[in-house]
Amino acid sequence: MLPTLVLSIALPTPLRRCFDYLPIESTELPAPGCRVTVEFGRQQLVGIVVSHNPSSDVPIDKLKPIQRVIDLSPCLNEEQLSLLEWAAKYYQAPIGEAITAALPSLLRQGEPAQLAPQFAWHLTREGLGLPAQSLSRAPKQRQALDALITHKHIGPAQLAALGLTTPPFKELEKKGLAELVELDETPESAPQSLLAEKPLQLNEEQSIALQQISLSQYQCYLLEGATGSGKTEVYLQAITKALEAGKGALVLVPEIGLTPQLVGRFQRRFNVDIVSLHSGLSDKERTQGWIQAKEGKARIVIGTRSAIFTPIPNLGLIVIDEEHDLSFKQQDGFRYSARDLAVLRANRLGIPLLMGSATPGLETLYNAIQNRYQHLRLTRRAGDAKPPTTELIDIRGQQLYEGFSSELLQRIETTLAKSEQALVFINRRGFAPAMLCHDCGWIAECSNCTAKMTVHRHPPHLHCHHCDQQRPTPRQCPECRSQDLVNLGIGTERTEHNLKELFPTTPVIRIDRDTTRRKNAMENLLAEVKPGTPCILVGTQMLAKGHHFPDVTLVAILDIDSGLFSADFRAPERMGQLLIQVAGRAGREQKPGNVVIQSHHCDHPSIQSLIKEGYHRYARRLLRERQLAGLPPYQYMALFRAESKRPANALEFLHLTKKLLRQSVAASPTMQYIGPLPAFMERKQDRYCFQLQVIAADRQQLQHLLTSVCLALDSHALSRRTRWSIDVDPQDMS
Ligand code: ADP
Ligand code: ZN
Ligand code: ZN
């Protein structure tokens, strides 16, 4: 008799292990990476076969057979499976959760991994033979025709990315010039060039950077260069090299950075299929994009965080734009860093990883300084744009009008008078961050969180930005019945309102989470920013990334001070990045830009260093501070969080955790346990939150310690009455 074969299967459960099942004899043995359905307790679950084993810890006659094999060929290849296994171990996550994060939702639910037929427009023979001046009276159709000449075939995704719509194509169809065909049936045309447009002539720094990038081996590169210094052009040309070598490329961008403008720029450059993967897509679109990538139908994949798990055959290069961005770290569930996993993936594949930023994260900068990453720098703006000038306005003791000094208002006025545009940055959405009773001092607080309620005007209500609780705006104070309720502080909504009153003839466009919630809302708002016409943009950090506003010459930062005094050790780094990124929106083309910053603390060493010495020096200064304090990247950190309706439960759990940690490795300067301490926000969604920090000098020792302690915690009764989690290399300490 043949020895029994056991299938080790990852299932979407919170348990940190795989589960053993037996294959079914009547069907083919599912290879590792194939999906199967199994009975798990009373549920039916979709799982992934991780390995085939000769035996199990469970007696063979106790094992159940799987129910059904979904995939005939693996959904995840060996490379991905091993990346996910590594990630699950490193981040102390259940393997089932990690694998779930890697699959698009329809595949998670067991839908077949099949490519739906793809339709695309292409030119008919009549269309191809059309004389060059035809259709000059129908510019939209001409544009569609030109796009078809350049791109040969244009599918729905490309249509959007190129800023085109369907109607002109339909008109061409009526004239017999274009037709919709199923993609695989497109007649194979003569091999066309990879490029749809000519690349820019690189300046010297860009050429040096590009020459340094070797495609034949693993190496991380940090491309550090101010906004507008031409980093994206370097990415495009590095990708060209990868494509020329017959390979594919993966481009990771921040949540907010994945704009149609960016994808459009890639589409315009390349003649290859590009897939973009982000949260704005429907489940079906996302799944289809993923399968296209897996089947090698897309040579370039552009996506946000979870795109790091996209299977791409013959991957030759990974690019991460704005590598410092917080959105590369998943903050709940499977808490991985896409940036750090990209380093691992590149290493295993023996390919380069190119990370770019104007404001590199301290971890990355440290690696570059240590020569673990190759440091490439672009110090000038590409094209004609000049770097912006920065000015501080000391607002101590000054009369402010709704947060604006008269000097700043004056500056906005002169900017508009020159038919230029101004951008006002405030890092708070809503009308006002708090509501106060002037008579008794009552403040509107969330009943679930230790947080003030934000006042909103449109529609009027109070809103907790931490737990989403909403309630009507009170007419009178619930404590003393006074009607003298004051809106304390300033949010984007309030500033929009005031600017509209001050500049009644100028469009004021607000961009924040509230105004961009609906599909296409962002594009519609951006379309209101008309070239050569004055306007004022008001918004949160959503304005700081990705968008290119050629006529914005004044960037005003109303209040930088909140970033100066925070309990989070990363706050100065984040403040510096945000300030430089926002400032980078000024003067991106011919017209010079000005950045004006209002502060009560103009002499603060952080502000002074940032403005006088620039981000790089500022960041190096922060690194020295981190070194003295023994904080990351000089040591490694993990954070245990526990939350419970009864604070005693969460505390007891973390005390137990600390005891277990200490039993394994005694506390010492190279293994410190700090806490349990209340979280920055002590109560959230009606639960009390506490944390325990572990800071270690040795990464491996930390990982071993965490693995053994998490296992012990899992089996402890206390872990069942408290919600808890572990965050390895936490980015957000709240
Ligand atoms: P970044 O990604 O660093 O913000 P971009 O690559 O977007 O910079 O370049 C900023 C602007 O400069 C873009 O309009 C781009 O077309 C232009 N640009 C980039 N490289 C060059 C170059 N070598 N010559 C001329 N213009 C360039
Ligand atoms: Zn009152
Ligand atoms: Zn709340």
# chains A, B, ... in the order shown; residues from 1 in each chain; ligands from 1
$ residues_near_ligand --ligand "ligand 1" --cutoff "6 Å" --atoms "only C-alpha atoms and all ligand atoms" --output "list in words"
Leu200, Gln201, Leu202, Asn203, Ala226, Thr227, Gly228, Ser229, Gly230, Lys231, Thr232, Glu233, Ala382 and Gly383 of chain A
$ write_last_selection --atoms "C-alpha atoms" --output "short mmCIF file (atom, residue, chain, number, x, y, z; two decimals), in the first residue's frame"
data_model
loop_
_atom_site.label_atom_id
_atom_site.label_comp_id
_atom_site.auth_asym_id
_atom_site.auth_seq_id
_atom_site.Cartn_x
_atom_site.Cartn_y
_atom_site.Cartn_z
CA LEU A 200 12.51 62.30 -22.16
CA GLN A 201 16.16 63.08 -22.54
CA LEU A 202 17.46 62.47 -19.02
CA ASN A 203 19.47 65.14 -17.25
CA ALA A 226 12.53 66.50 -4.32
CA THR A 227 9.06 66.57 -5.82
CA GLY A 228 9.49 67.36 -9.48
CA SER A 229 13.11 66.25 -9.65
CA GLY A 230 12.21 63.61 -12.23
CA LYS A 231 11.98 60.40 -10.20
CA THR A 232 8.98 59.12 -12.14
CA GLU A 233 10.88 59.54 -15.39
CA ALA A 382 13.78 68.40 -13.79
CA GLY A 383 12.44 70.51 -16.60
#
$ residues_around --residues "Phe19 (chain A)" --least-positions-apart "4" --cutoff "12 Å" --atoms "only C-alpha atoms" --output "VMD selection string"
chain A and resid 6 to 13 15 38 to 41 45 47 to 53 56 to 58 63 to 66 94 to 96
$ select_by_dssp --residues "region 595-722 of chain A" --states "helix (DSSP H, G or I)" --output "PyMOL selection string"
chain A and resi 605-629+647-664+699-714+717-720
$ closest_residue --among "A:Glu295, A:Asp394, A:Glu197, A:Glu205" --to "Arg268 (chain A)" --atoms "only C-alpha atoms"
A:Glu197
$ residues_around --residues "Leu502 (chain A)" --least-positions-apart "3" --cutoff "12 Å" --atoms "only C-alpha atoms" --output "list in words"
Tyr401, Glu402, Phe404, Ser406, Leu409, Gln410, Ile412, Glu413, Thr495, Glu496, His497, Asn498, Leu499, Thr505, Thr506, Pro507, Val508 and Ile536 of chain A
$ residues_near_ligand --ligand "ligand 3" --cutoff "10 Å" --atoms "only C-alpha atoms and all ligand atoms" --output "VMD selection string"
chain A and resid 445 to 453 463 to 470 683 to 686
$ closest_residue --among "A:Arg624, A:Glu79, A:Gly361, A:Pro474" --to "Asn314 (chain A)" --atoms "only C-alpha atoms"
A:Glu79
$ residues_around --residues "region 146-153 of chain A" --least-positions-apart "3" --cutoff "10 Å" --atoms "only C-alpha atoms" --output "ChimeraX atom specification"
/A:119-123,127-128,132,140-143,158-159,162,164,169,178-181,183,186,189,192,195-197,267-268,270-273
$ write_last_selection --atoms "C-alpha atoms" --output "tab-separated table (two decimals), in the first residue's frame"
chain	number	residue	atom	x	y	z
A	119	PHE	CA	-13.08	43.32	-25.23
A	120	ALA	CA	-11.14	46.17	-26.73
A	121	TRP	CA	-11.52	48.74	-29.49
A	122	HIS	CA	-9.31	48.49	-32.51
A	123	LEU	CA	-9.21	49.99	-35.99
A	127	GLY	CA	-9.82	52.99	-40.09
A	128	LEU	CA	-6.20	52.09	-40.68
A	132	ALA	CA	-4.06	61.84	-41.83
A	140	LYS	CA	-13.15	63.82	-30.09
A	141	GLN	CA	-13.32	61.16	-32.78
A	142	ARG	CA	-9.97	62.25	-34.12
A	143	GLN	CA	-8.55	61.90	-30.60
A	158	GLN	CA	-7.07	51.97	-20.72
A	159	LEU	CA	-9.94	54.12	-21.88
A	162	LEU	CA	-6.15	57.84	-21.19
A	164	LEU	CA	-11.17	59.03	-23.06
A	169	PHE	CA	-15.47	55.19	-30.32
A	178	ALA	CA	-13.35	50.93	-35.45
A	179	GLU	CA	-14.77	47.80	-33.89
A	180	LEU	CA	-14.95	46.06	-30.56
A	181	VAL	CA	-13.12	42.72	-30.59
A	183	LEU	CA	-8.80	40.58	-27.15
A	186	THR	CA	-6.99	40.60	-32.20
A	189	SER	CA	0.22	42.57	-35.71
A	192	GLN	CA	5.59	46.86	-32.26
A	195	LEU	CA	7.23	52.48	-26.22
A	196	ALA	CA	4.23	54.49	-27.32
A	197	GLU	CA	6.01	57.82	-26.88
A	267	GLN	CA	-0.26	54.12	-20.39
A	268	ARG	CA	0.95	56.92	-22.59
A	270	PHE	CA	4.14	52.00	-22.95
A	271	ASN	CA	2.58	49.81	-25.58
A	272	VAL	CA	2.20	46.89	-23.18
A	273	ASP	CA	-0.81	45.89	-21.11
$ closest_residue --among "A:His438, A:Lys62, A:Arg723, A:Arg377" --to "Glu643 (chain A)" --atoms "only C-alpha atoms"
A:Arg723
